[in-house]
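Q: Sharing data-v7.tsv here; it has TSV, N, CA and C atoms and all ligand atoms.
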```tsv
chain	number	residue	atom	x	y	z
A	186	MET	N	4.43	29.61	-87.49
A	186	MET	CA	5.88	29.71	-87.28
A	186	MET	C	6.21	30.20	-85.88
A	187	THR	N	5.24	30.18	-84.98
A	187	THR	CA	5.54	30.65	-83.63
A	187	THR	C	6.47	29.70	-82.89
A	188	ASP	N	6.51	28.44	-83.29
A	188	ASP	CA	7.39	27.49	-82.62
A	188	ASP	C	8.84	27.97	-82.61
A	189	ARG	N	9.25	28.52	-83.73
A	189	ARG	CA	10.66	28.95	-83.80
A	189	ARG	C	10.91	30.13	-82.88
A	190	ILE	N	9.92	31.00	-82.77
A	190	ILE	CA	10.08	32.14	-81.86
A	190	ILE	C	10.22	31.64	-80.42
A	191	TRP	N	9.34	30.71	-80.05
A	191	TRP	CA	9.40	30.21	-78.67
A	191	TRP	C	10.70	29.48	-78.40
A	192	MET	N	11.17	28.75	-79.42
A	192	MET	CA	12.46	28.08	-79.24
A	192	MET	C	13.56	29.10	-79.02
A	193	GLY	N	13.45	30.22	-79.75
A	193	GLY	CA	14.45	31.28	-79.59
A	193	GLY	C	14.41	31.84	-78.19
A	194	VAL	N	13.22	32.11	-77.68
A	194	VAL	CA	13.08	32.64	-76.33
A	194	VAL	C	13.66	31.66	-75.32
A	195	PHE	N	13.36	30.39	-75.55
A	195	PHE	CA	13.84	29.34	-74.66
A	195	PHE	C	15.38	29.32	-74.61
A	196	LEU	N	15.99	29.35	-75.79
A	196	LEU	CA	17.45	29.32	-75.84
A	196	LEU	C	18.06	30.56	-75.20
A	197	VAL	N	17.45	31.70	-75.48
A	197	VAL	CA	17.97	32.94	-74.92
A	197	VAL	C	17.90	32.90	-73.39
A	198	SER	N	16.78	32.39	-72.86
A	198	SER	CA	16.67	32.39	-71.40
A	198	SER	C	17.67	31.43	-70.78
A	199	ILE	N	17.94	30.32	-71.43
A	199	ILE	CA	18.97	29.41	-70.93
A	199	ILE	C	20.31	30.12	-70.91
A	200	PHE	N	20.57	30.83	-71.99
A	200	PHE	CA	21.84	31.53	-72.12
A	200	PHE	C	21.98	32.56	-70.98
A	201	VAL	N	20.91	33.32	-70.74
A	201	VAL	CA	20.96	34.37	-69.73
A	201	VAL	C	21.17	33.77	-68.35
A	202	ILE	N	20.40	32.71	-68.03
A	202	ILE	CA	20.51	32.09	-66.70
A	202	ILE	C	21.91	31.51	-66.53
A	203	GLY	N	22.39	30.85	-67.60
A	203	GLY	CA	23.70	30.20	-67.50
A	203	GLY	C	24.82	31.19	-67.29
A	204	CYS	N	24.67	32.40	-67.80
A	204	CYS	CA	25.74	33.37	-67.73
A	204	CYS	C	25.66	34.28	-66.52
A	205	SER	N	24.50	34.33	-65.89
A	205	SER	CA	24.35	35.30	-64.81
A	205	SER	C	25.20	34.90	-63.62
A	206	PRO	N	25.84	35.87	-62.99
A	206	PRO	CA	26.64	35.55	-61.80
A	206	PRO	C	25.74	35.08	-60.66
A	207	LYS	N	26.31	34.31	-59.78
A	207	LYS	CA	25.51	33.79	-58.66
A	207	LYS	C	25.32	34.90	-57.63
A	208	ALA	N	24.41	35.78	-57.95
A	208	ALA	CA	24.21	36.97	-57.13
A	208	ALA	C	23.60	36.64	-55.78
A	209	SER	N	22.94	35.50	-55.69
A	209	SER	CA	22.21	35.21	-54.46
A	209	SER	C	23.06	34.50	-53.41
A	210	VAL	N	24.33	34.23	-53.73
A	210	VAL	CA	25.19	33.58	-52.73
A	210	VAL	C	25.50	34.57	-51.62
A	211	PRO	N	25.13	34.27	-50.39
A	211	PRO	CA	25.39	35.24	-49.31
A	211	PRO	C	26.87	35.32	-48.99
A	212	ALA	N	27.34	36.53	-48.79
A	212	ALA	CA	28.75	36.74	-48.49
A	212	ALA	C	29.05	36.46	-47.03
A	213	ILE	N	28.03	36.62	-46.18
A	213	ILE	CA	28.25	36.39	-44.76
A	213	ILE	C	27.60	35.10	-44.32
A	214	SER	N	27.88	34.70	-43.15
A	214	SER	CA	27.40	33.44	-42.60
A	214	SER	C	25.89	33.31	-42.71
A	215	PRO	N	25.42	32.17	-43.15
A	215	PRO	CA	23.98	31.97	-43.27
A	215	PRO	C	23.32	31.65	-41.93
A	216	GLU	N	24.14	31.45	-40.88
A	216	GLU	CA	23.57	31.18	-39.56
A	216	GLU	C	22.71	32.35	-39.11
A	217	VAL	N	21.76	32.05	-38.27
A	217	VAL	CA	20.89	33.10	-37.75
A	217	VAL	C	21.72	34.01	-36.86
A	218	THR	N	21.82	35.24	-37.24
A	218	THR	CA	22.55	36.22	-36.43
A	218	THR	C	21.54	37.11	-35.73
A	219	PRO	N	21.55	37.11	-34.42
A	219	PRO	CA	20.57	37.95	-33.72
A	219	PRO	C	20.75	39.41	-34.10
A	220	ALA	N	19.65	40.06	-34.22
A	220	ALA	CA	19.68	41.46	-34.62
A	220	ALA	C	20.46	42.29	-33.61
A	221	SER	N	21.14	43.29	-34.11
A	221	SER	CA	21.77	44.33	-33.30
A	221	SER	C	22.95	43.85	-32.46
A	222	VAL	N	23.52	42.70	-32.75
A	222	VAL	CA	24.74	42.28	-32.07
A	222	VAL	C	25.80	42.04	-33.13
A	223	SER	N	26.93	42.69	-33.00
A	223	SER	CA	28.00	42.52	-33.97
A	223	SER	C	28.70	41.19	-33.75
A	224	PRO	N	29.36	40.66	-34.77
A	224	PRO	CA	30.09	39.39	-34.62
A	224	PRO	C	31.11	39.46	-33.48
A	225	ASP	N	31.77	40.59	-33.31
A	225	ASP	CA	32.75	40.74	-32.23
A	225	ASP	C	32.09	40.56	-30.87
A	226	ALA	N	30.95	41.20	-30.70
A	226	ALA	CA	30.25	41.09	-29.42
A	226	ALA	C	29.76	39.66	-29.21
A	227	LEU	N	29.34	39.04	-30.29
A	227	LEU	CA	28.82	37.69	-30.20
A	227	LEU	C	29.89	36.71	-29.70
A	228	VAL	N	31.11	36.87	-30.20
A	228	VAL	CA	32.21	36.01	-29.77
A	228	VAL	C	32.42	36.15	-28.26
A	229	ARG	N	32.38	37.40	-27.80
A	229	ARG	CA	32.58	37.66	-26.38
A	229	ARG	C	31.43	37.11	-25.55
A	230	LEU	N	30.23	37.26	-26.08
A	230	LEU	CA	29.06	36.74	-25.35
A	230	LEU	C	29.16	35.22	-25.21
A	231	GLU	N	29.65	34.57	-26.26
A	231	GLU	CA	29.79	33.12	-26.19
A	231	GLU	C	30.83	32.73	-25.14
A	232	GLN	N	31.91	33.52	-25.05
A	232	GLN	CA	32.93	33.24	-24.03
A	232	GLN	C	32.35	33.46	-22.64
A	233	ALA	N	31.61	34.56	-22.48
A	233	ALA	CA	31.02	34.86	-21.17
A	233	ALA	C	30.00	33.78	-20.79
A	234	ASP	N	29.28	33.32	-21.77
A	234	ASP	CA	28.31	32.25	-21.56
A	234	ASP	C	29.00	31.01	-21.02
A	235	MET	N	30.21	30.73	-21.52
A	235	MET	CA	30.94	29.52	-21.14
A	235	MET	C	31.65	29.64	-19.80
A	236	LEU	N	31.62	30.83	-19.18
A	236	LEU	CA	32.30	30.99	-17.89
A	236	LEU	C	31.72	30.05	-16.84
A	237	ASP	N	30.45	29.75	-16.96
A	237	ASP	CA	29.85	28.82	-16.00
A	237	ASP	C	29.90	27.38	-16.51
A	238	GLY	N	30.61	27.16	-17.61
A	238	GLY	CA	30.79	25.80	-18.10
A	238	GLY	C	29.65	25.29	-18.96
A	239	LYS	N	28.63	26.11	-19.14
A	239	LYS	CA	27.49	25.65	-19.93
A	239	LYS	C	27.19	26.66	-21.05
A	240	ALA	N	27.06	26.16	-22.26
A	240	ALA	CA	26.67	27.03	-23.37
A	240	ALA	C	25.14	27.06	-23.44
A	241	ASP	N	24.56	27.73	-22.47
A	241	ASP	CA	23.09	27.73	-22.39
A	241	ASP	C	22.50	29.09	-22.76
A	242	HIS	N	23.36	29.96	-23.28
A	242	HIS	CA	22.92	31.30	-23.69
A	242	HIS	C	22.43	32.13	-22.51
A	243	VAL	N	22.82	31.73	-21.32
A	243	VAL	CA	22.55	32.54	-20.14
A	243	VAL	C	23.88	32.93	-19.54
A	244	ILE	N	24.12	34.22	-19.43
A	244	ILE	CA	25.36	34.70	-18.85
A	244	ILE	C	25.08	34.98	-17.38
A	245	GLY	N	25.63	34.16	-16.52
A	245	GLY	CA	25.27	34.20	-15.11
A	245	GLY	C	25.96	35.30	-14.32
A	246	LYS	N	27.04	35.86	-14.88
A	246	LYS	CA	27.79	36.90	-14.16
A	246	LYS	C	27.36	38.28	-14.63
A	247	CYS	N	27.46	39.24	-13.71
A	247	CYS	CA	27.06	40.61	-14.03
A	247	CYS	C	28.09	41.24	-14.98
A	248	TYR	N	27.66	41.51	-16.19
A	248	TYR	CA	28.57	42.08	-17.18
A	248	TYR	C	29.04	43.46	-16.78
A	249	VAL	N	28.16	44.24	-16.16
A	249	VAL	CA	28.51	45.60	-15.79
A	249	VAL	C	29.62	45.60	-14.73
A	250	CYS	N	29.65	44.56	-13.90
A	250	CYS	CA	30.70	44.43	-12.88
A	250	CYS	C	31.84	43.57	-13.41
A	251	ASN	N	32.15	43.69	-14.67
A	251	ASN	CA	33.26	42.98	-15.29
A	251	ASN	C	33.18	41.47	-15.10
A	252	LEU	N	31.97	40.95	-15.04
A	252	LEU	CA	31.74	39.51	-14.90
A	252	LEU	C	32.32	38.99	-13.60
A	253	GLY	N	32.49	39.88	-12.63
A	253	GLY	CA	33.06	39.48	-11.35
A	253	GLY	C	32.02	39.22	-10.28
A	254	MET	N	30.80	39.67	-10.53
A	254	MET	CA	29.72	39.48	-9.55
A	254	MET	C	28.72	38.47	-10.11
A	255	ASP	N	28.10	37.73	-9.21
A	255	ASP	CA	27.05	36.85	-9.68
A	255	ASP	C	25.82	37.67	-10.04
A	256	GLY	N	25.26	37.38	-11.19
A	256	GLY	CA	24.03	38.05	-11.59
A	256	GLY	C	22.84	37.39	-10.93
A	257	SER	N	21.71	38.09	-11.00
A	257	SER	CA	20.48	37.56	-10.43
A	257	SER	C	19.46	37.37	-11.54
A	258	ASP	N	18.62	36.34	-11.38
A	258	ASP	CA	17.60	36.17	-12.42
A	258	ASP	C	16.46	37.18	-12.26
A	259	LYS	N	16.59	38.03	-11.23
A	259	LYS	CA	15.61	39.13	-11.10
A	259	LYS	C	15.97	40.30	-12.00
A	260	TYR	N	17.27	40.39	-12.33
A	260	TYR	CA	17.73	41.50	-13.17
A	260	TYR	C	18.36	40.93	-14.43
A	261	THR	N	17.57	40.80	-15.45
A	261	THR	CA	18.08	40.21	-16.68
A	261	THR	C	17.92	41.19	-17.84
A	262	ALA	N	18.73	40.97	-18.85
A	262	ALA	CA	18.62	41.77	-20.07
A	262	ALA	C	18.94	40.86	-21.24
A	263	LYS	N	18.23	41.06	-22.31
A	263	LYS	CA	18.47	40.27	-23.51
A	263	LYS	C	19.49	40.99	-24.38
A	264	ILE	N	20.43	40.23	-24.90
A	264	ILE	CA	21.30	40.77	-25.94
A	264	ILE	C	21.46	39.68	-26.98
A	265	GLY	N	20.97	39.96	-28.17
A	265	GLY	CA	20.95	38.94	-29.21
A	265	GLY	C	20.18	37.74	-28.71
A	266	SER	N	20.76	36.56	-28.83
A	266	SER	CA	20.09	35.35	-28.37
A	266	SER	C	20.49	35.00	-26.94
A	267	PHE	N	21.21	35.91	-26.27
A	267	PHE	CA	21.68	35.65	-24.92
A	267	PHE	C	20.84	36.38	-23.89
A	268	THR	N	20.79	35.81	-22.70
A	268	THR	CA	20.18	36.48	-21.57
A	268	THR	C	21.28	36.75	-20.56
A	269	ALA	N	21.49	38.01	-20.27
A	269	ALA	CA	22.52	38.36	-19.29
A	269	ALA	C	21.85	38.58	-17.94
A	270	HIS	N	22.45	38.01	-16.91
A	270	HIS	CA	21.97	38.26	-15.54
A	270	HIS	C	22.82	39.36	-14.95
A	271	LEU	N	22.18	40.35	-14.38
A	271	LEU	CA	22.89	41.46	-13.76
A	271	LEU	C	22.69	41.37	-12.26
A	272	CYS	N	23.57	42.04	-11.52
A	272	CYS	CA	23.54	41.87	-10.06
A	272	CYS	C	22.61	42.88	-9.39
A	273	SER	N	22.24	43.92	-10.06
A	273	SER	CA	21.38	44.92	-9.42
A	273	SER	C	20.58	45.66	-10.47
A	274	LYS	N	19.60	46.41	-9.98
A	274	LYS	CA	18.76	47.18	-10.88
A	274	LYS	C	19.57	48.19	-11.68
A	275	SER	N	20.52	48.83	-11.02
A	275	SER	CA	21.29	49.86	-11.74
A	275	SER	C	22.19	49.22	-12.80
A	276	CYS	N	22.74	48.04	-12.48
A	276	CYS	CA	23.54	47.34	-13.49
A	276	CYS	C	22.65	46.93	-14.67
A	277	GLN	N	21.45	46.49	-14.35
A	277	GLN	CA	20.53	46.09	-15.40
A	277	GLN	C	20.23	47.26	-16.34
A	278	LYS	N	19.98	48.42	-15.71
A	278	LYS	CA	19.68	49.62	-16.50
A	278	LYS	C	20.86	50.00	-17.38
A	279	GLU	N	22.03	49.96	-16.77
A	279	GLU	CA	23.21	50.34	-17.53
A	279	GLU	C	23.46	49.38	-18.69
A	280	PHE	N	23.28	48.09	-18.42
A	280	PHE	CA	23.50	47.10	-19.47
A	280	PHE	C	22.50	47.29	-20.60
A	281	GLU	N	21.25	47.55	-20.23
A	281	GLU	CA	20.23	47.72	-21.26
A	281	GLU	C	20.49	48.95	-22.12
A	282	SER	N	21.09	49.97	-21.52
A	282	SER	CA	21.28	51.21	-22.27
A	282	SER	C	22.44	51.11	-23.25
A	283	SER	N	23.45	50.30	-22.94
A	283	SER	CA	24.57	50.19	-23.87
A	283	SER	C	25.19	48.80	-23.79
A	284	ALA	N	24.36	47.80	-24.04
A	284	ALA	CA	24.79	46.42	-23.87
A	284	ALA	C	26.01	46.07	-24.71
A	285	GLU	N	25.93	46.38	-25.98
A	285	GLU	CA	27.02	45.94	-26.86
A	285	GLU	C	28.34	46.61	-26.49
A	286	LYS	N	28.27	47.90	-26.14
A	286	LYS	CA	29.47	48.63	-25.76
A	286	LYS	C	30.10	47.98	-24.52
A	287	ILE	N	29.26	47.65	-23.55
A	287	ILE	CA	29.77	47.03	-22.33
A	287	ILE	C	30.41	45.68	-22.65
A	288	VAL	N	29.74	44.91	-23.50
A	288	VAL	CA	30.27	43.60	-23.87
A	288	VAL	C	31.64	43.74	-24.52
A	289	LEU	N	31.76	44.72	-25.42
A	289	LEU	CA	33.02	44.88	-26.15
A	289	LEU	C	34.13	45.42	-25.25
A	290	GLU	N	33.76	46.15	-24.21
A	290	GLU	CA	34.78	46.77	-23.36
A	290	GLU	C	35.17	45.90	-22.17
A	291	THR	N	34.40	44.87	-21.91
A	291	THR	CA	34.68	44.05	-20.73
A	291	THR	C	35.76	43.02	-21.04
A	292	GLU	N	36.80	43.04	-20.21
A	292	GLU	CA	37.85	42.04	-20.33
A	292	GLU	C	37.29	40.70	-19.86
A	293	MET	N	37.58	39.66	-20.61
A	293	MET	CA	37.10	38.35	-20.22
A	293	MET	C	37.92	37.86	-19.04
A	294	PRO	N	37.30	37.59	-17.91
A	294	PRO	CA	38.09	37.08	-16.78
A	294	PRO	C	38.63	35.70	-17.09
A	295	LYS	N	39.69	35.34	-16.42
A	295	LYS	CA	40.24	34.00	-16.62
A	295	LYS	C	39.21	32.97	-16.19
A	296	ALA	N	38.96	32.03	-17.07
A	296	ALA	CA	38.01	30.97	-16.74
A	296	ALA	C	38.58	30.11	-15.62
A	297	THR	N	37.69	29.48	-14.88
A	297	THR	CA	38.15	28.68	-13.74
A	297	THR	C	38.91	27.44	-14.17
A	298	HIS	N	38.60	26.95	-15.36
A	298	HIS	CA	39.33	25.74	-15.81
A	298	HIS	C	40.72	26.11	-16.29
A	299	LYS	N	41.65	25.18	-16.17
A	299	LYS	CA	43.03	25.43	-16.56
A	299	LYS	C	43.18	25.32	-18.07
A	300	GLU	N	44.07	26.15	-18.59
A	300	GLU	CA	44.33	26.07	-20.03
A	300	GLU	C	45.14	24.82	-20.33
B	1	ZN	ZN	26.67	44.51	-11.40
```
How does the structure come out when it is put into structure tokens?
Ligand SMILES: [Zn+2]

A:
Amino acid sequence: MTDRIWMGVFLVSIFVIGCSPKASVPAISPEVTPASVSPDALVRLEQADMLDGKADHVIGKCYVCNLGMDGSDKYTAKIGSFTAHLCSKSCQKEFESSAEKIVLETEMPKATHKE
């Protein structure tokens, strides 16, 4: 009579699976989010990235100098999936020590293209 027991287990498990809430549905974006960068900072980084007209994840302007100076590929810092070019060693150091704060506090300069 074990068949009936197994049928019972089978039905119960169907019932449980059918009723369980979809707990595994992620509430936030399934896109790869680089560690340690908030969504707010990410939006700004994408805008800064586009200042040179290319979404290449390289920010060519010095963030520490309010994106007003050209950065150098000698002084770079990683933030999330972006590489920021800084204009000097001290800017590089400063950016590395508080990158996200600087990103969030920097006003986006007007892009060269017309709105
Ligand atoms: Zn600088």

Q: With only N, CA and C atoms and all ligand atoms counted, collect every polymer residue having an atom within 5 Å of ligand ZN 1 (chain B); state the result as a list of chain:residue names.

A: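 For ligand ZN 1 (chain B), the residues inside 5 Å are A:Cys247, A:Val249, A:Cys250, A:Cys272, A:Ser273, A:Cys276.
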
Q: What's the 8 Å shell around stretch 229-241 of chain A, counting all atoms listed in the file, without same-chain residues fewer than 2 positions away, as a list in words?

A: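 My reading of the contact set: Ser223, Pro224, Asp225, Ala226, Leu227, Val243, Ile244, Gly245, Lys246, Leu252, Ser266, Phe267, Thr268, Val288, Leu289, Met293, Pro294, Lys295, Ala296, Thr297 and His298 of chain A.
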
Q: Would you compute the distance between atom CA of A:Val222 and atom CA of A:Asp258? Give it in Å to one decimal.

A: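 So the two atoms, atom CA of A:Val222 and atom CA of A:Asp258, lie 21.8 Å apart.
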
Q: Work out how far atom CA of A:Asn251 is from atom CA of A:Glu281, in Å to one decimal.

A: 15.1 Å

Q: Would you mind reading off the distance between atom N of A:Gly256 and atom N of A:His270, one decimal, in Å?

A: 6.4 Å

Q: With only N, CA and C atoms as the basis for distance, which of A:Tyr260, A:Asp255, A:His242, A:Ser221 is at the shortest distance from A:Glu285?

A: A:Ser221

Q: Measuring between only C-alpha atoms, which one of A:Trp191, A:Glu292, A:Tyr248, A:Gly265 shows the shortest distance to A:Lys278?

A: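 The closest residue to A:Lys278 is A:Tyr248.
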
Q: Check stretch 239-291 of chain A with DSSP on the backbone and list each residue it calls helix (DSSP H, G or I), as an NGL selection string.

A: :A and (274-282 or 284-290)
